[in-house]
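Source file coords38.txt; content: compact mmCIF, C-alpha atoms.
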# COMPACT_ATOMS: atom_id res chain seq x y z
CA MET A 1 38.27 -4.92 -27.98
CA SER A 2 37.95 -7.23 -30.97
CA ALA A 3 38.71 -10.22 -28.76
CA LEU A 4 35.97 -9.17 -26.35
CA LEU A 5 33.45 -8.82 -29.17
CA ALA A 6 34.50 -12.19 -30.54
CA ALA A 7 33.64 -13.75 -27.19
CA ILE A 8 30.36 -11.88 -26.66
CA VAL A 9 28.77 -12.17 -30.11
CA PRO A 10 28.55 -16.01 -30.16
CA ALA A 11 27.07 -15.96 -26.66
CA LEU A 12 24.41 -13.48 -27.77
CA HIS A 13 23.54 -15.61 -30.79
CA ALA A 14 23.26 -18.69 -28.60
CA LEU A 15 21.01 -16.84 -26.16
CA GLN A 16 18.81 -15.64 -29.00
CA THR A 17 18.22 -19.16 -30.23
CA GLU A 18 17.34 -20.37 -26.73
CA LEU A 19 14.77 -17.69 -25.94
CA PRO A 20 11.14 -18.88 -26.18
CA ALA A 21 9.14 -17.65 -29.13
CA GLN A 22 5.95 -17.35 -27.06
CA ALA A 23 5.06 -16.24 -23.57
CA PRO A 24 5.74 -18.97 -20.98
CA GLN A 25 2.94 -21.13 -19.66
CA GLY A 26 3.66 -22.93 -16.41
CA GLY A 27 2.76 -26.58 -16.14
CA ASN A 28 2.53 -26.85 -12.36
CA ILE A 29 -0.97 -25.41 -11.91
CA VAL A 30 -1.27 -26.34 -8.23
CA GLY A 31 2.08 -24.77 -7.39
CA ALA A 32 1.17 -21.64 -9.33
CA GLN A 33 -2.16 -21.34 -7.55
CA ILE A 34 -0.57 -21.72 -4.13
CA ALA A 35 2.29 -19.30 -4.82
CA ILE A 36 0.28 -16.60 -6.55
CA GLY A 37 -2.78 -16.96 -4.31
CA SER A 38 -0.72 -16.75 -1.12
CA LEU A 39 1.35 -13.77 -2.22
CA PHE A 40 -1.62 -11.90 -3.66
CA SER A 41 -3.53 -12.39 -0.41
CA LEU A 42 -0.57 -11.05 1.56
CA HIS A 43 -0.19 -8.15 -0.85
CA ILE A 44 -3.89 -7.24 -0.64
CA LEU A 45 -3.80 -7.29 3.16
CA ILE A 46 -0.83 -4.92 3.32
CA ALA A 47 -1.83 -2.77 0.33
CA GLY A 48 -5.33 -2.35 1.75
CA LEU A 49 -3.88 -0.99 4.97
CA VAL A 50 -1.55 1.35 3.09
CA SER A 51 -4.30 2.63 0.77
CA GLY A 52 -6.67 3.17 3.67
CA ALA A 53 -4.01 5.05 5.63
CA ALA A 54 -3.17 7.18 2.59
CA GLU A 55 -6.81 8.24 2.30
CA LEU A 56 -7.63 8.49 6.00
CA GLY A 57 -4.42 10.20 7.15
CA PRO A 58 -4.84 13.43 5.16
CA ALA A 59 -8.49 13.65 6.25
CA ILE A 60 -7.48 13.33 9.91
CA GLU A 61 -4.79 15.97 9.44
CA PHE A 62 -7.38 18.33 7.96
CA LEU A 63 -9.81 17.70 10.82
CA GLY A 64 -7.04 18.31 13.32
CA TYR A 65 -6.21 21.61 11.66
CA VAL A 66 -9.85 22.73 11.56
CA ARG A 67 -10.55 21.73 15.16
CA GLN A 68 -7.08 22.64 16.42
CA ARG A 69 -6.57 19.17 17.88
CA ARG A 70 -2.94 18.21 18.28
CA ASN A 71 -3.84 14.58 18.91
CA TYR A 72 -5.43 14.40 15.45
CA ASP A 73 -2.22 15.72 13.97
CA ARG A 74 -0.17 13.12 15.85
CA LEU A 75 -2.49 10.36 14.64
CA ALA A 76 -2.18 11.49 11.02
CA HIS A 77 1.59 11.70 11.41
CA GLY A 78 1.62 8.15 12.78
CA LEU A 79 -0.36 6.94 9.77
CA GLY A 80 2.22 8.60 7.55
CA ARG A 81 4.98 6.73 9.36
CA PHE A 82 3.08 3.48 8.88
CA ILE A 83 2.77 4.15 5.13
CA THR A 84 6.49 4.73 4.70
CA TYR A 85 7.34 1.55 6.62
CA TYR A 86 4.97 -0.82 4.86
CA PHE A 87 4.95 0.61 1.33
CA SER A 88 8.23 -1.10 0.50
CA VAL A 89 6.97 -4.51 1.67
CA SER A 90 3.75 -4.31 -0.33
CA SER A 91 5.52 -2.96 -3.41
CA THR A 92 8.15 -5.70 -3.33
CA ILE A 93 5.47 -8.40 -3.27
CA ALA A 94 3.52 -6.74 -6.10
CA ILE A 95 6.59 -6.38 -8.32
CA LEU A 96 7.58 -9.99 -7.64
CA LEU A 97 4.09 -11.14 -8.62
CA ILE A 98 3.88 -9.09 -11.81
CA THR A 99 7.40 -9.48 -13.18
CA VAL A 100 8.20 -13.05 -12.11
CA LEU A 101 5.31 -15.25 -11.01
CA LEU A 102 2.53 -14.11 -13.36
CA VAL A 103 4.91 -14.02 -16.31
CA GLY A 104 6.48 -17.35 -15.42
CA PHE A 105 3.37 -19.34 -14.51
CA TRP A 106 0.69 -17.73 -16.69
CA GLY A 107 2.56 -15.72 -19.27
CA ARG A 108 -0.09 -16.01 -21.99
CA PHE A 109 -2.86 -14.96 -19.63
CA TRP A 110 -0.86 -12.00 -18.30
CA THR A 111 0.11 -10.90 -21.82
CA THR A 112 -3.55 -10.95 -22.84
CA ILE A 113 -4.67 -8.98 -19.77
CA VAL A 114 -1.96 -6.36 -20.29
CA THR A 115 -2.95 -6.03 -23.95
CA ILE A 116 -6.62 -5.58 -23.09
CA GLY A 117 -6.12 -3.32 -20.08
CA TRP A 118 -3.11 -1.36 -21.30
CA TRP A 119 -4.47 2.09 -20.46
CA PRO A 120 -5.82 1.25 -16.98
CA LEU A 121 -2.54 -0.46 -16.14
CA PHE A 122 -0.55 2.45 -17.58
CA ILE A 123 -2.52 4.93 -15.46
CA GLU A 124 -2.22 2.64 -12.44
CA ALA A 125 1.55 2.52 -12.80
CA TRP A 126 1.88 6.31 -12.85
CA THR A 127 -0.60 6.84 -10.02
CA PHE A 128 1.45 4.32 -8.04
CA VAL A 129 4.61 6.35 -8.67
CA LEU A 130 2.71 9.50 -7.69
CA GLN A 131 1.34 7.81 -4.58
CA VAL A 132 4.79 6.69 -3.43
CA SER A 133 6.32 10.11 -4.08
CA LEU A 134 3.54 11.99 -2.31
CA ALA A 135 3.49 9.57 0.63
CA TYR A 136 7.15 10.11 1.44
CA LEU A 137 6.90 13.83 0.73
CA TRP A 138 3.84 14.13 2.98
CA TYR A 139 5.50 12.33 5.87
CA TYR A 140 9.04 13.71 5.74
CA THR A 141 7.96 17.34 5.31
CA TRP A 142 5.65 17.26 8.32
CA GLU A 143 7.82 19.35 10.62
CA PRO A 144 9.68 21.41 7.98
CA MET A 145 6.34 22.56 6.53
CA ARG A 146 4.67 23.18 9.88
CA ALA A 147 4.44 26.89 9.02
CA PHE A 148 2.89 26.06 5.64
CA LYS A 149 0.15 23.75 6.83
CA GLY A 150 -2.13 24.53 3.90
CA VAL A 151 0.47 23.39 1.39
CA HIS A 152 1.18 20.29 3.42
CA MET A 153 -2.51 19.40 3.58
CA ALA A 154 -2.74 19.91 -0.19
CA ILE A 155 0.02 17.32 -0.61
CA GLY A 156 -1.98 14.99 1.60
CA GLY A 157 -5.09 15.62 -0.48
CA LEU A 158 -3.22 14.72 -3.66
CA LEU A 159 -1.96 11.59 -1.92
CA ALA A 160 -5.53 10.54 -1.11
CA VAL A 161 -6.63 11.14 -4.72
CA ALA A 162 -3.66 9.21 -6.13
CA SER A 163 -4.34 6.34 -3.73
CA PHE A 164 -7.99 6.15 -4.78
CA LEU A 165 -7.18 6.28 -8.50
CA GLN A 166 -4.54 3.59 -8.13
CA VAL A 167 -7.05 1.28 -6.47
CA TYR A 168 -9.73 2.12 -9.04
CA MET A 169 -7.47 1.24 -11.98
CA ILE A 170 -6.81 -2.17 -10.43
CA ASP A 171 -10.57 -2.57 -9.95
CA VAL A 172 -11.09 -1.85 -13.66
CA ILE A 173 -8.92 -4.84 -14.53
CA ALA A 174 -10.54 -7.02 -11.86
CA SER A 175 -14.05 -6.06 -12.99
CA TYR A 176 -13.20 -6.94 -16.59
CA MET A 177 -12.15 -10.39 -15.41
CA LEU A 178 -15.49 -10.72 -13.58
CA THR A 179 -17.75 -9.31 -16.31
CA PRO A 180 -15.86 -8.97 -19.62
CA THR A 181 -16.93 -6.22 -22.01
CA ASN A 182 -15.77 -5.17 -25.45
CA PRO A 183 -11.99 -4.90 -24.99
CA GLN A 184 -11.71 -2.50 -27.93
CA ASN A 185 -13.84 0.11 -26.16
CA PRO A 186 -11.76 1.77 -23.40
CA VAL A 187 -14.79 3.64 -22.05
CA ARG A 188 -16.79 0.44 -21.60
CA LEU A 189 -13.69 -1.14 -20.09
CA ALA A 190 -13.31 1.65 -17.52
CA LEU A 191 -17.04 1.89 -16.76
CA ASN A 192 -17.62 -1.81 -16.28
CA PRO A 193 -20.77 -2.35 -14.15
CA THR A 194 -18.95 -4.44 -11.55
CA SER A 195 -16.21 -1.84 -11.08
CA TYR A 196 -18.49 0.41 -9.01
CA PRO A 197 -19.45 -2.04 -6.24
CA LEU A 198 -15.92 -3.42 -6.26
CA THR A 199 -14.41 0.04 -5.80
CA VAL A 200 -16.90 0.97 -3.07
CA HIS A 201 -16.23 -2.31 -1.30
CA ARG A 202 -12.46 -1.92 -1.45
CA THR A 203 -12.50 1.75 -0.46
CA VAL A 204 -14.76 1.21 2.54
CA GLY A 205 -12.86 -1.94 3.46
CA ASN A 206 -9.50 -0.17 3.29
CA LEU A 207 -10.77 2.69 5.44
CA ALA A 208 -12.37 0.30 7.94
CA TYR A 209 -9.12 -1.59 8.32

Represent the supplied structure as structure tokens.
Amino acid sequence: MSALLAAIVPALHALQTELPAQAPQGGNIVGAQIAIGSLFSLHILIAGLVSGAAELGPAIEFLGYVRQRRNYDRLAHGLGRFITYYFSVSSTIAILLITVLLVGFWGRFWTTIVTIGWWPLFIEAWTFVLQVSLAYLWYYTWEPMRAFKGVHMAIGGLLAVASFLQVYMIDVIASYMLTPTNPQNPVRLALNPTSYPLTVHRTVGNLAY
């Protein structure tokens, strides 16, 4: 054990001295723009489809239940299948962007944005977890909860709400970047004037997809 510690401790000290004291700042601006711009565009395309399906699917299921239309139910079930298939792709791209590319290329910028928008990003992270959990629960309990349709539709309703809140929290950060307000006022940060048209645009666009 002592021999193992003797080998590990010097390596840890060497690693500590080599770690940067500040957030990284990439020098290849063109490469960063191409990489981040391309992946963000791909992520937005897929995430928009997923968010729209997560809001539209439960509504279609409810309409099918009210009108007793089996084809509505099949359509909603198909949207649920689509969500489960494409959620992993969109999430992988988003995590790669946040944890690797943004930190590596524009670490100072990303650190500043996270500091300013801590609460919106914190809420967004948990609504994302809730959205993923509810999406898989909504889809995979479709047949087992056929006799409890009201409960199943309630799960779908929560999924739609979580999906909307997750998008809105991202819009709060995006609207701050468009029209900065006092970063020390979380209310002004959340109620940024450009967040409303941005949220309406993204919600309608996701549903129209």

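Computed from the coordinates, the atom CA of A:Leu159 to atom CA of A:Ile44 distance equals 19.0 Å.
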
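Relative to atom CA of A:Phe164, atom CA of A:Gln184 is found at 25.0 Å.
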
Please identify all polymer residues within 6 Å of stretch 68-78 of chain A, counting all atoms listed in the file, omitting same-chain residues fewer than 6 positions from it, and present them as a PyMOL selection string. chain A and resi 57+60-61

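Nearest to A:Ile46 of all the residues A:Thr112, A:Asn206, A:Thr194, A:Gln166 is A:Asn206, based on all atoms listed in the file.
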
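Of the residues listed (A:Leu178, A:Leu207, A:Met153, A:Ile29), A:Leu207 shows the shortest atom-to-atom separation from A:Gly48; distances use all atoms listed in the file.
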
Which residues come within 12 Å of A:Ala35, counting all atoms listed in the file, excluding same-chain residues fewer than 2 positions away, as JSON, numbers by chain? {"A": [28, 29, 30, 31, 32, 33, 37, 38, 39, 40, 41, 42, 93, 96, 97, 100, 101, 102, 104, 105]}

Given the point (5.7, -2.3, -5.4) in the file's coordinates, find the residues that have an atom at most 10 Å from it, counting all atoms listed in the file, and give them as a ChimeraX atom specification. /A:43,47,87-98,125,128-129,132

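The shortest atom-to-atom distance to A:Gly80, with all atoms listed in the file taken into account, belongs to A:Gly156 out of A:Gly156, A:Gly64, A:Gly150, A:Gly117.
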
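Note that atom CA of A:Thr141 and atom CA of A:Leu56 are 17.9 Å apart.
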
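Residue nearest A:Leu189 within the list A:Trp118, A:Tyr209, A:Tyr140, A:Phe148: A:Trp118 [criterion: smallest interatomic distance, all atoms listed in the file].
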
Given the choices A:Pro120, A:Ala54, A:Tyr196, A:Leu165, which gets closest to A:Arg81 if the distance is worked out from all atoms listed in the file? A:Ala54

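Considering the residues A:Ser195, A:Thr84, A:Asn185, A:Ser175 and counting all atoms listed in the file, A:Val50 has its shortest atom-to-atom contact with A:Thr84.
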
Output stretch 164-177 of chain A as a CSV table (one decimal), keeping the file's coordinate frame, making sure N, CA, C and O atoms are there.
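As a result, rebuild06.csv now contains:
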chain,number,residue,atom,x,y,z
A,164,PHE,N,-6.7,6.6,-4.3
A,164,PHE,CA,-8.0,6.2,-4.8
A,164,PHE,C,-7.9,5.8,-6.3
A,164,PHE,O,-8.5,4.7,-6.7
A,165,LEU,N,-7.3,6.6,-7.1
A,165,LEU,CA,-7.2,6.3,-8.5
A,165,LEU,C,-6.4,5.0,-8.7
A,165,LEU,O,-6.7,4.2,-9.6
A,166,GLN,N,-5.4,4.8,-8.0
A,166,GLN,CA,-4.5,3.6,-8.1
A,166,GLN,C,-5.4,2.3,-7.8
A,166,GLN,O,-5.3,1.4,-8.6
A,167,VAL,N,-6.2,2.4,-6.8
A,167,VAL,CA,-7.0,1.3,-6.5
A,167,VAL,C,-8.1,1.1,-7.5
A,167,VAL,O,-8.4,0.0,-8.0
A,168,TYR,N,-8.7,2.2,-8.0
A,168,TYR,CA,-9.7,2.1,-9.0
A,168,TYR,C,-9.2,1.5,-10.3
A,168,TYR,O,-9.9,0.7,-11.0
A,169,MET,N,-8.0,1.8,-10.7
A,169,MET,CA,-7.5,1.2,-12.0
A,169,MET,C,-7.3,-0.3,-11.8
A,169,MET,O,-7.5,-1.0,-12.8
A,170,ILE,N,-6.9,-0.7,-10.7
A,170,ILE,CA,-6.8,-2.2,-10.4
A,170,ILE,C,-8.2,-2.8,-10.5
A,170,ILE,O,-8.4,-3.9,-11.0
A,171,ASP,N,-9.2,-2.1,-9.9
A,171,ASP,CA,-10.6,-2.6,-10.0
A,171,ASP,C,-11.1,-2.7,-11.4
A,171,ASP,O,-12.0,-3.5,-11.7
A,172,VAL,N,-10.7,-1.8,-12.3
A,172,VAL,CA,-11.1,-1.8,-13.7
A,172,VAL,C,-10.7,-3.2,-14.3
A,172,VAL,O,-11.4,-3.8,-15.0
A,173,ILE,N,-9.4,-3.6,-14.0
A,173,ILE,CA,-8.9,-4.8,-14.5
A,173,ILE,C,-9.7,-6.0,-13.9
A,173,ILE,O,-10.1,-7.0,-14.6
A,174,ALA,N,-9.8,-5.9,-12.6
A,174,ALA,CA,-10.5,-7.0,-11.9
A,174,ALA,C,-12.0,-7.1,-12.3
A,174,ALA,O,-12.5,-8.3,-12.5
A,175,SER,N,-12.7,-6.0,-12.6
A,175,SER,CA,-14.0,-6.1,-13.0
A,175,SER,C,-14.2,-6.6,-14.4
A,175,SER,O,-15.1,-7.3,-14.7
A,176,TYR,N,-13.2,-6.3,-15.2
A,176,TYR,CA,-13.2,-6.9,-16.6
A,176,TYR,C,-13.1,-8.5,-16.5
A,176,TYR,O,-13.7,-9.2,-17.3
A,177,MET,N,-12.3,-8.9,-15.6
A,177,MET,CA,-12.2,-10.4,-15.4
A,177,MET,C,-13.4,-11.0,-14.9
A,177,MET,O,-13.7,-12.2,-15.2
